[in-house]
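Source file work31.txt; content: compact mmCIF, C-alpha atoms and all ligand atoms.
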# COMPACT_ATOMS: atom_id res chain seq x y z
CA MET A 18 69.08 119.22 100.18
CA ASP A 19 70.16 120.60 96.83
CA LEU A 20 73.61 121.84 97.76
CA ALA A 21 74.12 124.01 94.67
CA LYS A 22 70.77 125.72 95.13
CA GLU A 23 71.46 126.38 98.80
CA ILE A 24 74.89 127.81 98.03
CA ILE A 25 73.48 130.08 95.35
CA ASN A 26 70.89 131.22 97.92
CA GLY A 27 73.78 132.31 100.13
CA ASN A 28 73.50 129.53 102.71
CA ILE A 29 76.86 129.55 104.54
CA THR A 30 76.48 126.07 106.01
CA ALA A 31 75.92 124.73 102.51
CA LEU A 32 78.94 126.67 101.28
CA ALA A 33 81.13 125.06 103.95
CA GLN A 34 79.75 121.62 103.05
CA GLY A 35 80.38 122.30 99.38
CA ILE A 36 84.01 123.16 100.01
CA THR A 37 84.41 120.03 102.12
CA LEU A 38 83.05 118.04 99.19
CA ILE A 39 85.54 119.69 96.85
CA GLU A 40 88.41 118.92 99.21
CA SER A 41 87.33 115.31 99.74
CA LYS A 42 89.64 112.63 98.41
CA LEU A 43 86.89 110.00 98.21
CA LEU A 44 86.21 108.85 94.69
CA GLU A 45 82.44 108.95 95.16
CA ASP A 46 82.65 112.61 96.21
CA GLU A 47 84.58 113.56 93.12
CA LYS A 48 81.60 113.23 90.77
CA LYS A 49 79.39 115.15 93.17
CA ALA A 50 81.99 117.89 93.38
CA HIS A 51 82.19 118.19 89.60
CA TYR A 52 78.41 118.43 89.40
CA LEU A 53 78.35 121.09 92.10
CA LEU A 54 81.02 123.13 90.34
CA ALA A 55 79.20 122.91 87.03
CA LYS A 56 76.07 124.32 88.71
CA CYS A 57 77.92 127.10 90.54
CA LEU A 58 80.24 128.23 87.74
CA PRO A 59 77.64 130.24 85.78
CA LYS A 60 76.87 132.14 88.99
CA SER A 61 80.53 132.85 89.76
CA GLY A 62 82.97 135.53 88.74
CA ASN A 63 81.33 138.61 90.17
CA SER A 64 84.02 139.56 92.62
CA ILE A 65 87.40 141.10 93.21
CA ARG A 66 89.91 138.38 93.98
CA ILE A 67 92.81 139.61 96.07
CA GLY A 68 95.94 137.64 96.93
CA ILE A 69 97.82 138.50 100.11
CA THR A 70 101.31 137.21 100.67
CA GLY A 71 104.39 137.89 102.77
CA VAL A 72 106.86 136.12 105.02
CA PRO A 73 105.60 134.44 108.23
CA GLY A 74 104.88 137.05 110.90
CA VAL A 75 104.66 140.01 108.51
CA GLY A 76 101.08 140.53 109.69
CA LYS A 77 98.92 138.92 107.00
CA SER A 78 96.17 137.59 109.26
CA THR A 79 95.95 140.78 111.29
CA PHE A 80 95.84 142.81 108.09
CA ILE A 81 93.06 140.62 106.72
CA GLU A 82 91.06 141.15 109.90
CA THR A 83 91.20 144.96 109.57
CA PHE A 84 90.93 144.99 105.80
CA GLY A 85 88.05 142.50 105.79
CA LYS A 86 86.14 144.48 108.42
CA LEU A 87 86.45 147.57 106.26
CA PHE A 88 84.63 145.82 103.42
CA THR A 89 81.96 144.24 105.61
CA SER A 90 81.32 147.65 107.16
CA GLN A 91 80.56 148.83 103.61
CA GLY A 92 77.99 146.05 103.34
CA LYS A 93 80.16 143.79 101.21
CA LYS A 94 80.49 140.04 101.72
CA VAL A 95 84.07 138.91 102.29
CA ALA A 96 85.44 135.39 101.94
CA VAL A 97 88.89 134.54 103.28
CA LEU A 98 90.63 131.47 101.90
CA ALA A 99 94.18 130.26 102.32
CA ILE A 100 96.86 128.31 100.56
CA ASP A 101 99.42 126.59 102.69
CA PRO A 102 100.79 123.39 101.22
CA THR A 103 103.00 122.90 104.28
CA SER A 104 100.10 122.84 106.72
CA GLU A 105 99.89 119.06 106.92
CA LYS A 106 103.45 118.93 108.17
CA THR A 107 103.14 121.81 110.59
CA GLN A 108 99.62 120.84 111.73
CA GLY A 109 98.50 124.37 112.45
CA SER A 110 97.51 125.67 109.04
CA ILE A 111 97.49 129.37 108.36
CA LEU A 112 94.18 130.74 109.46
CA GLY A 113 94.25 128.04 112.09
CA ASP A 114 94.81 131.01 114.33
CA LYS A 115 91.39 132.50 114.04
CA SER A 116 92.39 134.45 117.13
CA ARG A 117 94.00 136.92 114.73
CA MET A 118 90.65 137.31 113.02
CA LEU A 119 88.29 137.25 115.96
CA GLN A 120 86.08 140.07 114.80
CA LEU A 121 85.96 138.96 111.22
CA SER A 122 85.16 135.37 112.13
CA ASN A 123 82.14 136.59 114.10
CA ASP A 124 80.95 138.81 111.27
CA LYS A 125 77.90 137.46 109.48
CA ASN A 126 79.13 138.96 106.21
CA ALA A 127 82.44 137.14 106.40
CA PHE A 128 83.34 133.55 105.63
CA ILE A 129 86.73 132.21 106.71
CA ARG A 130 88.10 128.90 105.57
CA PRO A 131 91.53 127.43 106.39
CA SER A 132 93.83 125.99 103.76
CA PRO A 133 93.14 122.56 102.32
CA SER A 134 95.77 120.57 104.07
CA SER A 135 97.70 118.27 101.82
CA GLY A 136 99.04 117.60 98.36
CA THR A 137 101.19 119.42 95.89
CA LEU A 138 101.18 123.19 95.80
CA GLY A 139 99.28 123.05 92.52
CA GLY A 140 96.79 120.56 93.97
CA VAL A 141 96.16 122.56 97.13
CA ALA A 142 95.84 125.82 95.23
CA ASN A 143 93.47 124.16 92.77
CA LYS A 144 91.09 123.34 95.63
CA THR A 145 91.26 126.97 96.66
CA ARG A 146 90.51 127.96 93.07
CA GLU A 147 87.39 125.80 93.10
CA SER A 148 86.41 127.13 96.52
CA ILE A 149 86.55 130.66 95.11
CA ILE A 150 83.94 129.62 92.55
CA LEU A 151 81.60 128.40 95.29
CA CYS A 152 82.13 131.54 97.39
CA GLU A 153 81.31 133.75 94.44
CA ALA A 154 78.22 131.72 93.64
CA ALA A 155 77.18 132.30 97.27
CA GLY A 156 77.39 136.04 96.70
CA PHE A 157 80.80 136.87 98.15
CA GLU A 158 82.15 139.93 96.38
CA ILE A 159 85.55 140.24 97.99
CA ILE A 160 87.73 137.14 97.98
CA LEU A 161 90.92 137.29 100.02
CA VAL A 162 93.47 134.54 99.52
CA GLU A 163 96.20 134.38 102.16
CA THR A 164 99.39 132.53 101.41
CA VAL A 165 102.76 132.26 103.09
CA GLY A 166 105.54 133.74 101.04
CA VAL A 167 107.63 130.73 100.25
CA GLY A 168 108.96 131.33 96.78
CA GLN A 169 106.97 129.25 94.35
CA SER A 170 103.61 129.85 95.96
CA GLU A 171 103.50 133.47 94.86
CA THR A 172 103.40 132.53 91.18
CA THR A 173 100.63 130.05 91.84
CA VAL A 174 98.54 132.54 93.78
CA LYS A 175 99.15 135.18 91.13
CA ASN A 176 97.26 132.87 88.81
CA LEU A 177 94.24 132.79 91.09
CA VAL A 178 93.66 136.46 91.73
CA ASP A 179 93.01 139.78 90.03
CA PHE A 180 95.11 141.82 92.41
CA PHE A 181 98.18 140.74 94.31
CA LEU A 182 99.28 142.37 97.57
CA LEU A 183 102.75 141.86 98.95
CA LEU A 184 103.19 142.69 102.63
CA MET A 185 106.69 143.59 103.78
CA LEU A 186 108.47 144.50 106.99
CA ALA A 187 110.55 147.63 107.29
CA GLY A 188 114.04 147.58 108.64
CA ALA A 189 114.45 143.83 108.62
CA GLY A 190 117.49 144.40 106.47
CA ASP A 191 115.59 143.02 103.55
CA GLU A 192 114.81 146.21 101.67
CA LEU A 193 114.84 145.61 97.97
CA GLN A 194 115.36 141.91 98.41
CA GLY A 195 111.92 141.27 97.07
CA ILE A 196 112.92 143.13 93.97
CA LYS A 197 115.98 140.99 93.52
CA ARG A 198 113.95 137.85 93.99
CA GLY A 199 111.48 139.01 91.37
CA ILE A 200 108.49 138.86 93.70
CA THR A 201 107.78 142.53 93.34
CA GLU A 202 107.22 141.93 89.65
CA LEU A 203 104.19 139.91 90.62
CA ALA A 204 102.85 142.43 93.09
CA ASP A 205 100.27 145.07 92.22
CA ALA A 206 100.82 146.75 95.55
CA LEU A 207 103.54 146.63 98.16
CA ILE A 208 102.58 147.43 101.71
CA ILE A 209 105.02 148.08 104.49
CA THR A 210 103.22 146.68 107.54
CA LYS A 211 103.30 147.53 111.25
CA SER A 212 103.79 151.20 110.54
CA ASP A 213 102.97 152.30 114.06
CA GLY A 214 104.79 153.53 117.19
CA ASP A 215 108.54 153.70 116.76
CA ASN A 216 108.28 151.93 113.46
CA ILE A 217 106.60 154.68 111.44
CA GLN A 218 109.75 156.44 110.24
CA LYS A 219 111.41 153.17 109.32
CA ALA A 220 108.32 152.19 107.34
CA LYS A 221 108.28 155.51 105.52
CA ASN A 222 111.94 155.16 104.60
CA ALA A 223 111.41 151.65 103.31
CA ALA A 224 108.44 152.78 101.24
CA LEU A 225 110.53 155.52 99.69
CA GLU A 226 113.26 153.10 98.77
CA TYR A 227 110.80 150.73 97.12
CA LYS A 228 109.13 153.54 95.24
CA ARG A 229 112.46 154.64 93.82
CA ALA A 230 113.45 151.16 92.80
CA LEU A 231 110.09 150.30 91.25
CA HIS A 232 110.05 153.49 89.30
CA LEU A 233 112.96 152.20 87.27
CA MET A 234 111.11 149.06 86.34
CA PRO A 235 108.77 148.69 83.36
CA THR A 236 105.02 148.70 84.03
CA ASN A 237 103.11 145.42 84.08
CA ASP A 238 101.54 144.16 80.86
CA ASN A 239 98.26 145.79 81.87
CA GLY A 240 99.92 149.18 82.19
CA TRP A 241 99.73 149.14 85.98
CA ARG A 242 102.65 150.31 88.07
CA PRO A 243 102.81 148.69 91.53
CA LYS A 244 101.74 151.03 94.31
CA VAL A 245 103.83 151.32 97.45
CA SER A 246 102.31 152.37 100.78
CA ILE A 247 102.56 151.97 104.53
CA ALA A 248 99.89 150.60 106.83
CA SER A 249 99.18 149.58 110.39
CA SER A 250 96.51 147.05 111.20
CA PHE A 251 96.74 148.02 114.87
CA ASP A 252 96.14 151.72 114.27
CA ASN A 253 93.94 151.11 111.24
CA THR A 254 96.01 153.49 109.11
CA GLY A 255 96.68 153.07 105.41
CA ILE A 256 94.05 150.36 105.13
CA LEU A 257 91.37 152.46 103.45
CA GLU A 258 93.95 153.63 100.90
CA VAL A 259 94.70 150.06 99.94
CA ALA A 260 91.00 149.39 99.42
CA LYS A 261 90.71 152.51 97.27
CA THR A 262 93.69 151.48 95.16
CA ILE A 263 92.13 148.08 94.56
CA ASN A 264 88.76 149.56 93.65
CA THR A 265 90.43 151.86 91.14
CA PHE A 266 92.42 148.98 89.71
CA ASP A 267 89.28 146.89 89.39
CA SER A 268 87.24 149.47 87.54
CA VAL A 269 90.09 150.33 85.18
CA MET A 270 90.76 146.66 84.39
CA LEU A 271 87.06 145.94 83.93
CA ASP A 272 86.70 148.81 81.50
CA ASN A 273 89.73 148.03 79.41
CA GLY A 274 88.91 144.32 79.23
CA TRP A 275 92.05 143.16 81.01
CA LYS A 276 90.16 141.59 83.93
CA SER A 277 88.22 139.10 81.86
CA LYS A 278 91.16 138.43 79.58
CA ASN A 279 93.37 137.74 82.58
CA ARG A 280 90.80 135.42 84.15
CA TYR A 281 90.53 133.45 80.93
CA ASN A 282 94.33 133.17 80.74
CA GLN A 283 94.32 131.95 84.33
CA LYS A 284 91.78 129.26 83.51
CA LYS A 285 94.04 128.10 80.68
CA TYR A 286 96.99 128.05 83.08
CA TRP A 287 95.05 125.79 85.48
CA LEU A 288 93.84 123.53 82.70
CA HIS A 289 97.41 122.90 81.59
CA LEU A 290 98.74 122.51 85.13
CA ARG A 291 95.97 120.08 86.16
CA VAL A 292 96.43 117.95 83.05
CA LYS A 293 100.18 117.74 83.75
CA GLU A 294 99.69 116.90 87.43
CA GLU A 295 96.85 114.44 86.94
CA LEU A 296 97.82 112.71 83.72
CA GLY A 297 101.60 113.15 83.67
CA ASN A 298 103.96 115.02 81.39
CA LYS A 299 104.04 112.39 78.65
CA LYS A 300 100.29 112.34 78.19
CA TYR A 301 100.21 116.12 78.44
CA ASN A 302 102.66 116.48 75.58
CA THR A 303 100.67 114.07 73.42
CA LEU A 304 97.42 115.93 74.09
CA LEU A 305 99.12 119.20 73.28
CA ALA A 306 100.59 117.89 70.03
CA ASP A 307 97.19 116.46 69.02
CA GLY A 308 95.49 119.81 69.55
CA LYS A 309 93.18 118.34 72.22
CA LEU A 310 94.05 120.91 74.85
CA GLN A 311 93.41 123.74 72.46
CA ILE A 312 89.87 122.41 72.00
CA LEU A 313 89.38 122.29 75.75
CA GLU A 314 90.64 125.86 76.08
CA LYS A 315 87.68 126.94 73.96
CA GLU A 316 85.30 124.90 76.12
CA LEU A 317 86.47 126.88 79.14
CA GLN A 318 84.60 129.86 77.78
CA LYS A 319 81.33 127.94 78.12
CA TRP A 320 81.53 127.73 81.92
CA LYS A 321 82.76 124.16 81.88
CA PRO A 322 84.64 123.16 85.05
CA ILE A 323 88.27 122.26 84.42
CA SER A 324 87.86 119.04 86.40
CA GLN A 325 85.03 117.94 84.12
CA LEU A 326 87.00 118.76 80.99
CA ILE A 327 89.95 116.73 82.18
CA GLU A 328 87.67 113.81 82.94
CA SER A 329 86.51 113.88 79.32
CA LEU A 330 90.03 113.28 78.02
N1 LIG B 1 102.87 146.69 115.78
C1 LIG B 1 102.13 145.94 114.98
N2 LIG B 1 102.16 144.60 115.10
C2 LIG B 1 101.39 143.86 114.27
C3 LIG B 1 100.57 144.47 113.28
N3 LIG B 1 99.94 143.47 112.60
C4 LIG B 1 100.34 142.32 113.13
N4 LIG B 1 101.20 142.52 114.16
C5 LIG B 1 101.80 141.49 115.03
O1 LIG B 1 102.68 140.68 114.25
C6 LIG B 1 102.60 139.30 114.63
C7 LIG B 1 102.26 138.44 113.44
O2 LIG B 1 100.98 138.79 112.92
P1 LIG B 1 100.12 137.80 112.03
O3 LIG B 1 98.95 138.60 111.53
O4 LIG B 1 99.83 136.54 112.71
O5 LIG B 1 101.14 137.53 110.85
P2 LIG B 1 101.03 136.48 109.63
O6 LIG B 1 101.76 137.10 108.51
O7 LIG B 1 99.61 136.11 109.41
O8 LIG B 1 101.83 135.26 110.18
P3 LIG B 1 101.78 133.73 109.67
O9 LIG B 1 100.34 133.35 109.54
O10 LIG B 1 102.51 132.99 110.73
O11 LIG B 1 102.51 133.68 108.36
C8 LIG B 1 101.55 139.26 115.75
O12 LIG B 1 102.20 139.25 116.96
C9 LIG B 1 100.75 140.52 115.55
O13 LIG B 1 100.18 140.98 116.75
C10 LIG B 1 100.56 145.90 113.19
O14 LIG B 1 99.88 146.54 112.37
N5 LIG B 1 101.36 146.57 114.07
MG MG B 2 98.59 134.25 109.36

Rewrite the structure of this file - the entire thing - as C-alpha cells.
Amino acid sequence: MDLAKEIINGNITALAQGITLIESKLLEDEKKAHYLLAKCLPKSGNSIRIGITGVPGVGKSTFIETFGKLFTSQGKKVAVLAIDPTSEKTQGSILGDKSRMLQLSNDKNAFIRPSPSSGTLGGVANKTRESIILCEAAGFEIILVETVGVGQSETTVKNLVDFFLLLMLAGAGDELQGIKRGITELADALIITKSDGDNIQKAKNAALEYKRALHLMPTNDNGWRPKVSIASSFDNTGILEVAKTINTFDSVMLDNGWKSKNRYNQKKYWLHLRVKEELGNKKYNTLLADGKLQILEKELQKWKPISQLIESL
C-alpha cells in the first residue's frame, strides 16, 4: 500500500499508521517517515490550527469534545492531537481518557490521537508538528492540539498553532496569575470554563477582571487583542462564540498575510530547535556562523521537510 497516497485520499487507518511511523524510534522507519512527510507536505497547510491549554482539570478534554462536535456538525473534519511530555512517567497520557470525548471519538469526521509518549518537550512536540502535516494532507481542516499547562509547554505549542486558547477556572484564587506569569501574552483568547450552575456569576466576574487587565496591555504583533469569554461544555454555552472568534481571526490573518508569515516563522523556529536538539549547541553555532542554516531557511519555502533538511547537513 502506498501510505502517502492513502493518507491523501483521506484513509484514516493509513493516517494512524503514518503517525505511528513518524513516532517510531527505529532507524529503518526514519527514512520512510521522511519520505512520507515529503509526499504529504505539499498537500498540507489548509487548516486552522488551534492550541488548547490550561491547568489539569480545567476542562480541556470536555471542551474539545463539545467544540469538536460543533465543527463536525458543520461538516468539517476535526483532528485532535496532544502534547504531554510527562505521559511516559504518568502512564495515562492526556487523551488517554477518551471517555471525556466519547461522542467525538465515535464521529467519522473526527480523528483523535494521544500524545507521543517520550522524549524532550521539543522532541515530543516535533512529532505532533509532523502529525499535523499528515492530518492536513488527509483533509482535516480543524486541528486541535491539547496540552497541559506546565509552563514551558505553552511557548512550544504557540509555535505549532495559528490560534492559542487558554482555558481558566474562575474563583480558584488565581485571577490574573496568568497575566503575571506571562501566559496571557501568548493567548489569543481566554476562556473561563465551567460557567454553569452556581459558577456562572463567578465566571462572569473573572472574565471582567481579565478584560480590564488585558485592556491595559499592548496588542499582539498582529494587531489582535486577546478575547475574554465564559463557556460551559456541559451546557454548551459560549462554545459557538469561540468558534466565531476563531473564524474571524483566521480570515483577517489570511487576508493581511500574517497567517502565512507566522507559519513560515514557526518552521524556522522548529528548524533551529531541531538542529540544536539533534546536533548539539556547538554544531548549531558553527552552522549558524557559516550561514548554512540561513540557506536551509530558504529551502523551507519549497515544501522540504525539516527532518530531511537536517539530514542533509
Ligand atoms: N461543571 C462543569 N464541569 C466540567 C465542565 N467541563 C469539564 N468539567 C469537569 O471537570 C473535570 C475535568 O475535566 P477534563 O475535561 O478532564 O479536564 P482536562 O483539563 O482535560 O484535565 P487533564 O486532561 O487532566 O489536564 C471533569 O470532572 C469534568 O466532568 C463544564 O463545562 N462544567
Ligand atoms: Mg484532558

What do you get as a ChimeraX atom specification if you pick all residues at most 8 Å from ligand LIG 1 (chain B), counting all atoms listed in the file?
/A:70-81,111-112,114,117,164-166,210-214,216,248-253

All residues 12 Å or closer to Lys261 of chain A, all atoms listed in the file, same chain fewer than 4 positions away omitted, as a ChimeraX atom specification:
/A:84,87-88,206,244,255-257,265-268

Between A:Gly308, A:Pro243, A:Gly85, A:Gly139, which has the minimum distance to Glu171 of chain A (counting only C-alpha atoms)?
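Among the listed residues, the smallest separation from Glu171 of chain A belongs to A:Gly139.
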
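Contact shell of Ala187 of chain A at 7 Å (only C-alpha atoms; same-chain neighbours under 3 positions omitted): Ile209, Lys219, Ala220 and Ala223 of chain A.
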
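Distance check against Ile129 of chain A using only C-alpha atoms: of A:Ser148, A:Ser41, A:Thr236, A:Ser277, the minimum falls on A:Ser148.
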
Go ahead and compute the interatomic distance for atom CA of Asp124 of chain A and atom CA of Asn143 of chain A, in Å to one decimal.
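Computing it gives 26.7 Å between the two atoms.
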
Find the residue from A:Arg242, A:Lys293, A:Arg146, A:Lys285 that sits nearest to Gly68 of chain A; use only C-alpha atoms when measuring.
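Looking at the shortest contact to Gly68 of chain A, the residue is A:Arg146.
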